[in-house]
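Colleague: So here's input.cif, just mmCIF, C-alpha atoms:
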```cif
data_start
loop_
_atom_site.label_atom_id
_atom_site.label_comp_id
_atom_site.auth_asym_id
_atom_site.auth_seq_id
_atom_site.Cartn_x
_atom_site.Cartn_y
_atom_site.Cartn_z
CA MET A 1 -28.69 -13.44 -66.02
CA THR A 2 -26.77 -16.66 -65.82
CA ALA A 3 -24.46 -18.93 -67.72
CA VAL A 4 -25.43 -22.57 -67.57
CA THR A 5 -22.71 -25.17 -67.19
CA SER A 6 -23.96 -28.21 -69.04
CA ALA A 7 -23.28 -30.20 -72.17
CA VAL A 8 -24.21 -28.30 -75.31
CA PRO A 9 -26.93 -30.33 -77.10
CA LYS A 10 -25.62 -32.09 -80.18
CA PRO A 11 -26.62 -35.20 -82.10
CA LYS A 12 -24.34 -37.94 -80.79
CA SER A 13 -22.03 -38.74 -77.90
CA GLN A 14 -18.43 -39.84 -78.09
CA GLY A 15 -16.57 -41.59 -75.29
CA THR A 16 -13.16 -40.32 -74.24
CA GLU A 17 -10.10 -42.05 -72.88
CA GLY A 18 -8.61 -39.62 -70.40
CA ASN A 19 -11.29 -38.78 -67.88
CA GLY A 20 -14.25 -40.98 -68.70
CA ALA A 21 -16.27 -37.95 -69.74
CA THR A 22 -18.64 -37.88 -72.68
CA VAL A 23 -18.37 -35.23 -75.38
CA LYS A 24 -21.34 -34.40 -77.55
CA THR A 25 -20.45 -34.28 -81.24
CA ARG A 26 -21.89 -32.39 -84.16
CA GLU A 27 -22.35 -33.38 -87.79
CA LEU A 28 -19.79 -31.83 -90.13
CA GLY A 29 -22.26 -30.53 -92.67
CA ARG A 30 -23.71 -33.44 -94.62
CA THR A 31 -20.51 -35.48 -94.75
CA GLY A 32 -21.71 -37.93 -92.11
CA ILE A 33 -18.55 -37.17 -90.11
CA GLN A 34 -19.03 -36.45 -86.41
CA VAL A 35 -16.76 -33.84 -84.81
CA SER A 36 -16.35 -32.18 -81.43
CA PRO A 37 -17.56 -28.57 -80.91
CA TYR A 38 -13.96 -27.59 -80.21
CA CYS A 39 -11.39 -28.20 -82.92
CA LEU A 40 -7.72 -28.19 -81.94
CA GLY A 41 -5.87 -25.70 -84.13
CA THR A 42 -2.11 -26.12 -84.46
CA MET A 43 -0.96 -22.79 -85.86
CA MET A 44 0.98 -22.15 -82.63
CA PHE A 45 2.99 -25.39 -82.93
CA GLY A 46 6.44 -24.63 -84.33
CA GLN A 47 8.88 -21.75 -84.37
CA VAL A 48 6.14 -19.08 -84.47
CA GLY A 49 4.66 -20.27 -81.18
CA ASN A 50 5.78 -23.33 -79.23
CA PRO A 51 8.99 -24.73 -80.76
CA ASP A 52 9.18 -27.74 -78.41
CA PRO A 53 7.75 -30.80 -80.28
CA ASP A 54 7.45 -32.85 -77.09
CA ASP A 55 5.51 -30.11 -75.31
CA CYS A 56 3.25 -29.72 -78.35
CA ALA A 57 2.67 -33.49 -78.37
CA GLN A 58 1.55 -33.36 -74.74
CA ILE A 59 -0.92 -30.59 -75.60
CA ILE A 60 -2.26 -32.66 -78.51
CA HIS A 61 -2.64 -35.77 -76.36
CA ARG A 62 -4.40 -33.83 -73.60
CA ALA A 63 -6.84 -32.37 -76.12
CA LEU A 64 -7.62 -35.81 -77.53
CA ASP A 65 -7.99 -37.30 -74.05
CA SER A 66 -10.50 -34.57 -73.19
CA GLY A 67 -12.74 -35.66 -76.06
CA ILE A 68 -11.65 -33.36 -78.87
CA ASN A 69 -11.58 -35.49 -82.03
CA PHE A 70 -11.09 -32.73 -84.61
CA VAL A 71 -7.63 -31.31 -85.42
CA ASP A 72 -6.88 -28.57 -87.97
CA THR A 73 -3.53 -27.54 -89.38
CA ALA A 74 -2.06 -26.13 -92.62
CA ASP A 75 1.03 -26.63 -94.74
CA VAL A 76 2.26 -23.09 -93.99
CA TYR A 77 1.97 -23.38 -90.20
CA GLY A 78 5.11 -23.72 -88.17
CA PRO A 79 6.16 -22.29 -90.66
CA HIS A 80 6.65 -24.35 -93.83
CA GLY A 81 5.24 -27.66 -92.65
CA MET A 82 6.66 -27.77 -89.13
CA SER A 83 3.20 -27.88 -87.55
CA GLU A 84 2.19 -30.80 -89.78
CA GLU A 85 5.39 -32.63 -88.85
CA ILE A 86 4.83 -32.13 -85.12
CA LEU A 87 1.23 -33.27 -85.47
CA GLY A 88 2.08 -36.31 -87.57
CA LYS A 89 4.59 -37.54 -85.00
CA ALA A 90 2.23 -36.90 -82.07
CA LEU A 91 -0.63 -38.80 -83.70
CA LYS A 92 1.27 -42.09 -83.94
CA GLY A 93 -1.12 -44.81 -82.81
CA ARG A 94 -4.07 -42.40 -82.62
CA ARG A 95 -4.57 -41.34 -86.22
CA ASP A 96 -7.77 -43.34 -86.74
CA ASP A 97 -9.37 -41.73 -83.67
CA ILE A 98 -9.42 -38.21 -85.08
CA VAL A 99 -10.77 -36.18 -87.97
CA LEU A 100 -7.66 -34.63 -89.50
CA ALA A 101 -7.91 -31.39 -91.47
CA THR A 102 -5.19 -29.46 -93.24
CA LYS A 103 -4.99 -26.69 -95.82
CA VAL A 104 -3.18 -25.78 -99.03
CA ASN A 105 -2.76 -22.49 -100.92
CA GLY A 106 -0.24 -20.43 -98.92
CA ALA A 107 3.22 -19.74 -100.30
CA MET A 108 5.70 -22.51 -99.47
CA GLY A 109 8.71 -20.83 -101.06
CA GLU A 110 9.79 -18.02 -103.35
CA ASP A 111 8.85 -19.91 -106.50
CA PRO A 112 5.46 -18.46 -107.54
CA ASN A 113 4.23 -21.96 -108.40
CA ARG A 114 4.78 -23.22 -104.84
CA GLY A 115 1.44 -21.89 -103.66
CA GLY A 116 -2.04 -21.06 -104.86
CA SER A 117 -4.90 -23.31 -105.91
CA SER A 118 -3.74 -24.62 -109.28
CA ARG A 119 -3.96 -28.31 -110.14
CA ARG A 120 -0.18 -28.37 -110.48
CA TRP A 121 0.39 -27.23 -106.90
CA ILE A 122 -2.50 -29.05 -105.21
CA ILE A 123 -1.46 -32.45 -106.60
CA THR A 124 2.15 -31.79 -105.61
CA GLU A 125 1.55 -30.35 -102.15
CA VAL A 126 -0.92 -32.95 -100.95
CA GLU A 127 1.90 -35.51 -101.16
CA HIS A 128 4.11 -33.29 -99.00
CA SER A 129 1.36 -32.88 -96.41
CA LEU A 130 0.68 -36.62 -96.33
CA ARG A 131 4.37 -37.28 -95.75
CA ARG A 132 4.65 -34.70 -92.97
CA LEU A 133 1.46 -35.91 -91.31
CA ARG A 134 2.58 -39.56 -91.58
CA THR A 135 -0.76 -40.67 -92.95
CA ASP A 136 -2.18 -42.06 -96.19
CA HIS A 137 -5.26 -39.85 -96.22
CA ILE A 138 -6.56 -36.45 -95.11
CA ASP A 139 -10.11 -36.30 -93.77
CA LEU A 140 -10.69 -32.67 -94.75
CA TYR A 141 -8.50 -30.87 -97.30
CA GLN A 142 -9.19 -27.13 -97.45
CA MET A 143 -8.29 -24.24 -99.73
CA HIS A 144 -6.68 -21.81 -97.29
CA HIS A 145 -7.58 -18.63 -99.19
CA PRO A 146 -9.41 -17.63 -102.36
CA ASP A 147 -7.18 -17.61 -105.44
CA PRO A 148 -8.47 -15.05 -107.97
CA ARG A 149 -5.81 -16.20 -110.49
CA THR A 150 -7.18 -19.74 -110.75
CA ASP A 151 -10.46 -20.89 -112.26
CA ILE A 152 -12.54 -22.55 -109.53
CA GLU A 153 -13.23 -25.45 -111.91
CA GLU A 154 -9.49 -26.11 -112.11
CA THR A 155 -9.28 -26.27 -108.32
CA LEU A 156 -12.37 -28.43 -107.83
CA SER A 157 -11.27 -30.80 -110.59
CA ALA A 158 -7.92 -31.42 -108.86
CA LEU A 159 -9.59 -31.89 -105.48
CA THR A 160 -12.13 -34.27 -107.00
CA ASP A 161 -9.31 -36.46 -108.29
CA LEU A 162 -7.80 -36.55 -104.79
CA VAL A 163 -11.12 -37.66 -103.30
CA ARG A 164 -11.54 -40.36 -105.95
CA SER A 165 -7.99 -41.58 -105.33
CA GLY A 166 -8.71 -42.00 -101.60
CA LYS A 167 -6.05 -39.52 -100.50
CA VAL A 168 -8.72 -37.04 -99.35
CA ARG A 169 -12.12 -37.79 -97.82
CA ALA A 170 -13.81 -34.37 -98.07
CA ILE A 171 -12.88 -30.90 -99.31
CA GLY A 172 -13.51 -27.43 -97.92
CA SER A 173 -12.73 -23.76 -98.30
CA SER A 174 -11.49 -21.05 -95.97
CA ASN A 175 -12.02 -17.29 -95.94
CA LEU A 176 -14.25 -17.54 -99.01
CA PRO A 177 -16.78 -14.73 -99.61
CA ALA A 178 -20.39 -15.90 -99.74
CA SER A 179 -20.70 -15.14 -103.46
CA GLU A 180 -17.68 -17.32 -104.27
CA THR A 181 -19.06 -20.13 -102.11
CA VAL A 182 -22.24 -20.08 -104.17
CA GLU A 183 -20.24 -20.01 -107.42
CA ALA A 184 -18.19 -23.01 -106.29
CA GLN A 185 -21.36 -24.95 -105.45
CA TRP A 186 -22.84 -24.21 -108.87
CA VAL A 187 -19.67 -25.16 -110.73
CA ALA A 188 -19.43 -28.45 -108.83
CA ASP A 189 -23.05 -29.27 -109.62
CA ARG A 190 -22.81 -28.42 -113.31
CA ARG A 191 -19.49 -30.18 -113.89
CA GLY A 192 -20.13 -33.23 -111.74
CA LEU A 193 -17.29 -32.37 -109.36
CA GLN A 194 -16.83 -32.75 -105.60
CA ARG A 195 -18.20 -29.71 -103.80
CA PHE A 196 -16.87 -27.83 -100.84
CA ARG A 197 -18.37 -29.49 -97.76
CA THR A 198 -17.04 -26.97 -95.24
CA GLU A 199 -16.03 -23.35 -94.88
CA GLN A 200 -13.55 -21.89 -92.37
CA PRO A 201 -14.25 -18.19 -91.67
CA THR A 202 -13.30 -15.97 -88.75
CA TYR A 203 -15.96 -15.50 -86.07
CA SER A 204 -15.94 -14.00 -82.60
CA LEU A 205 -17.77 -11.61 -80.30
CA LEU A 206 -15.99 -8.77 -82.11
CA ASN A 207 -16.29 -10.06 -85.68
CA ARG A 208 -19.82 -11.22 -86.43
CA GLY A 209 -19.95 -10.32 -90.11
CA ILE A 210 -20.39 -13.94 -91.22
CA GLU A 211 -23.83 -14.00 -89.60
CA ARG A 212 -25.12 -11.80 -92.42
CA GLU A 213 -24.37 -13.99 -95.48
CA ILE A 214 -21.67 -16.61 -95.01
CA LEU A 215 -23.34 -18.70 -92.30
CA PRO A 216 -26.78 -18.63 -93.98
CA VAL A 217 -25.21 -19.68 -97.29
CA CYS A 218 -23.33 -22.52 -95.60
CA GLN A 219 -26.53 -23.68 -93.92
CA ARG A 220 -28.42 -23.52 -97.22
CA TYR A 221 -25.86 -25.77 -98.94
CA GLY A 222 -25.44 -28.12 -96.00
CA MET A 223 -21.86 -27.08 -95.33
CA GLY A 224 -20.12 -27.44 -92.00
CA THR A 225 -18.23 -24.47 -90.58
CA LEU A 226 -15.00 -24.34 -88.60
CA VAL A 227 -14.65 -20.82 -87.23
CA TRP A 228 -11.17 -19.50 -86.55
CA SER A 229 -10.00 -17.02 -83.93
CA PRO A 230 -13.04 -17.17 -81.60
CA LEU A 231 -10.86 -15.26 -79.10
CA ALA A 232 -10.25 -12.50 -81.67
CA MET A 233 -6.49 -13.06 -81.88
CA GLY A 234 -6.20 -12.71 -78.10
CA LEU A 235 -8.35 -9.61 -77.58
CA LEU A 236 -10.98 -11.72 -75.83
CA THR A 237 -8.59 -13.11 -73.24
CA GLY A 238 -8.74 -9.89 -71.21
CA ARG A 239 -5.01 -9.39 -71.59
CA TYR A 240 -5.39 -6.36 -73.84
CA ARG A 241 -7.18 -3.57 -71.99
CA LYS A 242 -7.95 0.03 -72.83
CA GLY A 243 -5.55 2.23 -70.94
CA GLY A 244 -3.70 -0.81 -69.64
CA PRO A 245 0.04 -1.48 -69.83
CA PRO A 246 1.32 -2.10 -73.35
CA VAL A 247 1.66 -5.75 -74.33
CA ARG A 248 4.79 -6.57 -76.26
CA ASN A 249 4.79 -9.91 -78.03
CA ALA A 250 5.03 -11.42 -81.50
CA ARG A 251 1.28 -11.13 -82.00
CA MET A 252 1.46 -7.37 -81.51
CA ASN A 253 3.88 -7.26 -84.44
CA TRP A 254 1.63 -9.51 -86.51
CA VAL A 255 -1.78 -7.83 -86.06
CA PRO A 256 -1.02 -4.40 -84.55
CA ARG A 257 -4.08 -2.60 -85.95
CA HIS A 258 -6.43 -5.24 -84.61
CA LEU A 259 -4.95 -5.33 -81.11
CA THR A 260 -4.91 -1.54 -80.75
CA ASP A 261 -8.27 -0.74 -82.38
CA GLU A 262 -10.03 1.63 -79.97
CA ARG A 263 -13.50 0.45 -81.05
CA LYS A 264 -12.62 -3.16 -80.28
CA LEU A 265 -11.04 -2.26 -76.98
CA ASP A 266 -14.17 -0.31 -76.06
CA ALA A 267 -16.28 -3.40 -76.77
CA VAL A 268 -13.96 -5.55 -74.67
CA GLU A 269 -14.40 -3.17 -71.74
CA ARG A 270 -18.17 -3.67 -72.00
CA LEU A 271 -17.94 -7.45 -72.42
CA ILE A 272 -15.76 -8.01 -69.35
CA PRO A 273 -18.41 -6.90 -66.80
CA LEU A 274 -21.05 -8.85 -68.74
CA ALA A 275 -18.94 -12.00 -68.36
CA GLU A 276 -18.46 -11.29 -64.65
CA GLU A 277 -22.20 -10.89 -64.11
CA ALA A 278 -22.71 -14.26 -65.78
CA GLY A 279 -20.07 -15.81 -63.53
CA LEU A 280 -17.66 -16.43 -66.39
CA SER A 281 -14.24 -15.43 -67.56
CA LEU A 282 -14.14 -13.42 -70.78
CA THR A 283 -12.48 -16.39 -72.50
CA HIS A 284 -15.28 -18.76 -71.56
CA LEU A 285 -17.93 -16.23 -72.61
CA ALA A 286 -16.23 -15.85 -76.00
CA MET A 287 -15.93 -19.59 -76.63
CA ALA A 288 -19.50 -20.32 -75.55
CA PHE A 289 -20.73 -17.59 -77.89
CA ALA A 290 -18.75 -18.97 -80.84
CA ILE A 291 -20.40 -22.40 -80.71
CA THR A 292 -23.92 -21.12 -79.99
CA HIS A 293 -24.87 -20.18 -83.54
CA PRO A 294 -26.69 -23.10 -85.23
CA GLY A 295 -24.62 -22.56 -88.37
CA VAL A 296 -21.33 -23.12 -86.52
CA THR A 297 -20.09 -26.70 -86.37
CA SER A 298 -16.85 -26.27 -84.46
CA ALA A 299 -14.71 -23.46 -83.06
CA ILE A 300 -10.95 -23.71 -83.52
CA ILE A 301 -8.86 -23.25 -80.39
CA GLY A 302 -5.17 -22.51 -80.81
CA PRO A 303 -3.37 -23.04 -77.49
CA ARG A 304 0.37 -22.43 -77.33
CA THR A 305 0.76 -23.84 -73.82
CA MET A 306 -0.86 -26.52 -71.69
CA GLU A 307 -2.13 -23.81 -69.34
CA GLN A 308 -4.01 -22.15 -72.18
CA LEU A 309 -5.53 -25.47 -73.23
CA GLU A 310 -6.66 -26.30 -69.71
CA ASP A 311 -8.37 -22.92 -69.39
CA LEU A 312 -10.26 -23.48 -72.64
CA LEU A 313 -11.27 -27.01 -71.67
CA ALA A 314 -12.57 -25.74 -68.32
CA GLY A 315 -15.24 -23.71 -70.13
CA ALA A 316 -16.20 -26.31 -72.72
CA ALA A 317 -19.51 -27.18 -71.05
CA VAL A 318 -20.74 -23.59 -70.70
CA THR A 319 -23.88 -22.49 -72.53
CA LEU A 320 -25.32 -18.98 -72.57
CA ASP A 321 -28.93 -18.10 -71.83
CA ASP A 322 -30.97 -15.71 -73.98
CA ASP A 323 -30.46 -12.81 -71.59
CA VAL A 324 -26.68 -13.00 -71.98
CA LEU A 325 -26.97 -13.34 -75.75
CA ASP A 326 -29.30 -10.32 -75.91
CA ARG A 327 -26.78 -8.27 -73.94
CA ILE A 328 -24.05 -9.32 -76.34
CA ASP A 329 -26.22 -8.17 -79.26
CA GLU A 330 -26.45 -4.74 -77.63
CA ILE A 331 -22.66 -4.47 -77.43
CA VAL A 332 -21.85 -5.85 -80.89
CA ALA A 333 -24.77 -5.85 -83.30
CA PRO A 334 -25.51 -9.14 -85.10
CA GLY A 335 -23.92 -9.43 -88.54
CA THR A 336 -21.34 -6.71 -87.95
CA ASP A 337 -17.57 -6.56 -87.60
CA ILE A 338 -15.88 -4.05 -85.33
CA GLY A 339 -13.14 -3.37 -87.82
CA PRO A 340 -11.35 -6.01 -89.90
CA LEU A 341 -8.57 -8.32 -88.80
CA ASP A 342 -5.16 -7.49 -90.19
CA VAL A 343 -4.94 -11.03 -91.58
CA SER A 344 -8.44 -11.24 -93.05
CA TYR A 345 -8.83 -11.89 -96.76
CA THR A 346 -9.22 -8.70 -98.78
CA PRO A 347 -10.72 -9.08 -102.28
CA PRO A 348 -8.50 -7.71 -105.08
CA ALA A 349 -11.15 -5.12 -106.00
CA VAL A 350 -10.80 -3.60 -102.54
CA GLU A 351 -7.05 -4.11 -102.09
CA ARG A 352 -5.94 -2.70 -105.46
CA ALA A 353 -7.01 0.82 -106.34
CA ALA A 354 -6.30 0.23 -110.04
CA LEU A 355 -9.21 -2.23 -110.22
CA ARG A 356 -11.63 0.51 -109.15
CA ARG A 357 -10.47 3.14 -111.65
CA ARG A 358 -10.61 3.40 -115.40
CA PRO A 359 -7.31 4.10 -117.18
CA ALA A 360 -6.36 7.79 -117.18
CA ASP A 361 -6.84 8.17 -120.94
CA GLU A 362 -10.43 6.84 -120.72
CA ARG A 363 -11.24 9.17 -117.84
CA ALA A 364 -9.83 12.10 -119.80
CA ALA A 365 -11.93 11.19 -122.83
CA VAL A 366 -15.15 11.64 -120.83
CA THR A 367 -14.37 15.31 -120.16
CA ARG A 368 -13.47 16.26 -123.70
#
```
So that I can check it, write out the structure of this file as structure tokens.

Modeller:
Amino acid sequence: MTAVTSAVPKPKSQGTEGNGATVKTRELGRTGIQVSPYCLGTMMFGQVGNPDPDDCAQIIHRALDSGINFVDTADVYGPHGMSEEILGKALKGRRDDIVLATKVNGAMGEDPNRGGSSRRWIITEVEHSLRRLRTDHIDLYQMHHPDPRTDIEETLSALTDLVRSGKVRAIGSSNLPASETVEAQWVADRRGLQRFRTEQPTYSLLNRGIEREILPVCQRYGMGTLVWSPLAMGLLTGRYRKGGPPVRNARMNWVPRHLTDERKLDAVERLIPLAEEAGLSLTHLAMAFAITHPGVTSAIIGPRTMEQLEDLLAGAAVTLDDDVLDRIDEIVAPGTDIGPLDVSYTPPAVERAALRRRPADERAAVTR
């Protein structure tokens, strides 16, 4: 059982500035855009993670110099646009060298209309993101979460206008259930609207649920996928161990159920020796796994420090042989999640009990 350190096969090669290396790129669905297998995520840039703009800029530049040409952010990161502002400043002189992705939908204030996927908010917020990012266009504009309150035709119509205006090059979704992805594709086809070209779901060694429906649906419709949290919110760094000393940090306050889930910790304890047998760190095993699936275009890394980035880059050329992948399947079955993430999207029908129960007077009428 071995892990092979070599370039992961992809369609084209892209030269880099920093070290003369060559990074193999992948096609972002059928957009014709070529992106690196690692996408730099910027959720940790700002007050919630690294509040030093200069330090964040150095991390961004190092990632670009290593050959990463894909950067993902969101209006809510930082929070409230700070991540976009840091990124926009850091990209001065390098904007045309990268594929820039951001997202809209999250609440940007107490006003209920400052969020969601309505035409009113999308058309307003894209201007704010463009200003913060210091650019005249966004390569990939994504709906951050499903919005059950808004007709998908309303959302796609607004996004279509942005593409036609040149402010957006391609549109995508994030955290969308497979059935809603199919619905969006049908609506776009029937109404002559731009269709979602990408999907951004969570995917890791511990959360493989998207293998069942979401990835096959994306492949069927020629959509690219950017998977978030390939390190399972930190569980796959080896820092959180069963029976180990308690870890006290902001992330523990954010996703406490996920980081203390006994089933997940049990799986981590089985994955660590597997990684060691393959001559890898758990982090490198996790990242190599995330970009192995043929339906995955790029895995989003979210370093807070330069040290974290360097560790991730060190494992970028690792591929896993079939023996390792078979052993992983024995630990976490394909198409299954070991418990949900605290921050995963929960459909209203599951989240709200009232949507699963008839009114009391109707229930009473049945027994009369």

Colleague: Give the answer as one residue: which of A:Arg95, A:Arg190, A:Arg257, A:Lys89 has the shortest atom-to-atom distance to A:Val71, using only C-alpha atoms?

Modeller: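 The shortest atom-to-atom distance to A:Val71 comes from A:Arg95.
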
Colleague: Please compute the atom CA of A:Lys103-atom CA of A:Ile301 distance, one decimal, in Å.

Modeller: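 If I compute the distance from atom CA of A:Lys103 to atom CA of A:Ile301, I get 16.3 Å.
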
Colleague: Using the chain letters and numbers from this file, what does the PyMOL selection byres ((chain A and resi 105) around 10) select? Give the answer as a PyMOL selection string.

Modeller: chain A and resi 74-76+103-104+106-108+114-118+121-122+125+142-147

Colleague: Between A:Leu320, A:Ala63, A:Val23, A:Ile300, single out the one closest to A:Met43, counting all atoms listed in the file.

Modeller: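 Nearest candidate to A:Met43 out of A:Leu320, A:Ala63, A:Val23, A:Ile300: A:Ile300.
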
Colleague: What is the distance between atom CA of A:Ala317 and atom CA of A:Pro37, in Å to one decimal?

Modeller: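 Atom-to-atom, atom CA of A:Ala317 and atom CA of A:Pro37 are spaced 10.1 Å apart.
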
Colleague: Just want the 12 Å neighbourhood of A:Gly244, counted on only C-alpha atoms, with same-chain residues fewer than 3 positions away dropped. Output as number ranges by chain.

Modeller: A: 238-241, 247, 260, 265, 269

Colleague: When you draw a straight line from atom CA of A:Arg356 to atom CA of A:Pro177, how long is it in Å?

Modeller: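 We find that atom CA of A:Arg356 and atom CA of A:Pro177 lie 18.7 Å from each other.
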
Colleague: Between A:His80, A:Asn113, A:Ala275, A:Gln34, single out the one closest to A:Ile98, counting all atoms listed in the file.

Modeller: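 With all atoms listed in the file as the atom set, the closest residue is A:Gln34.
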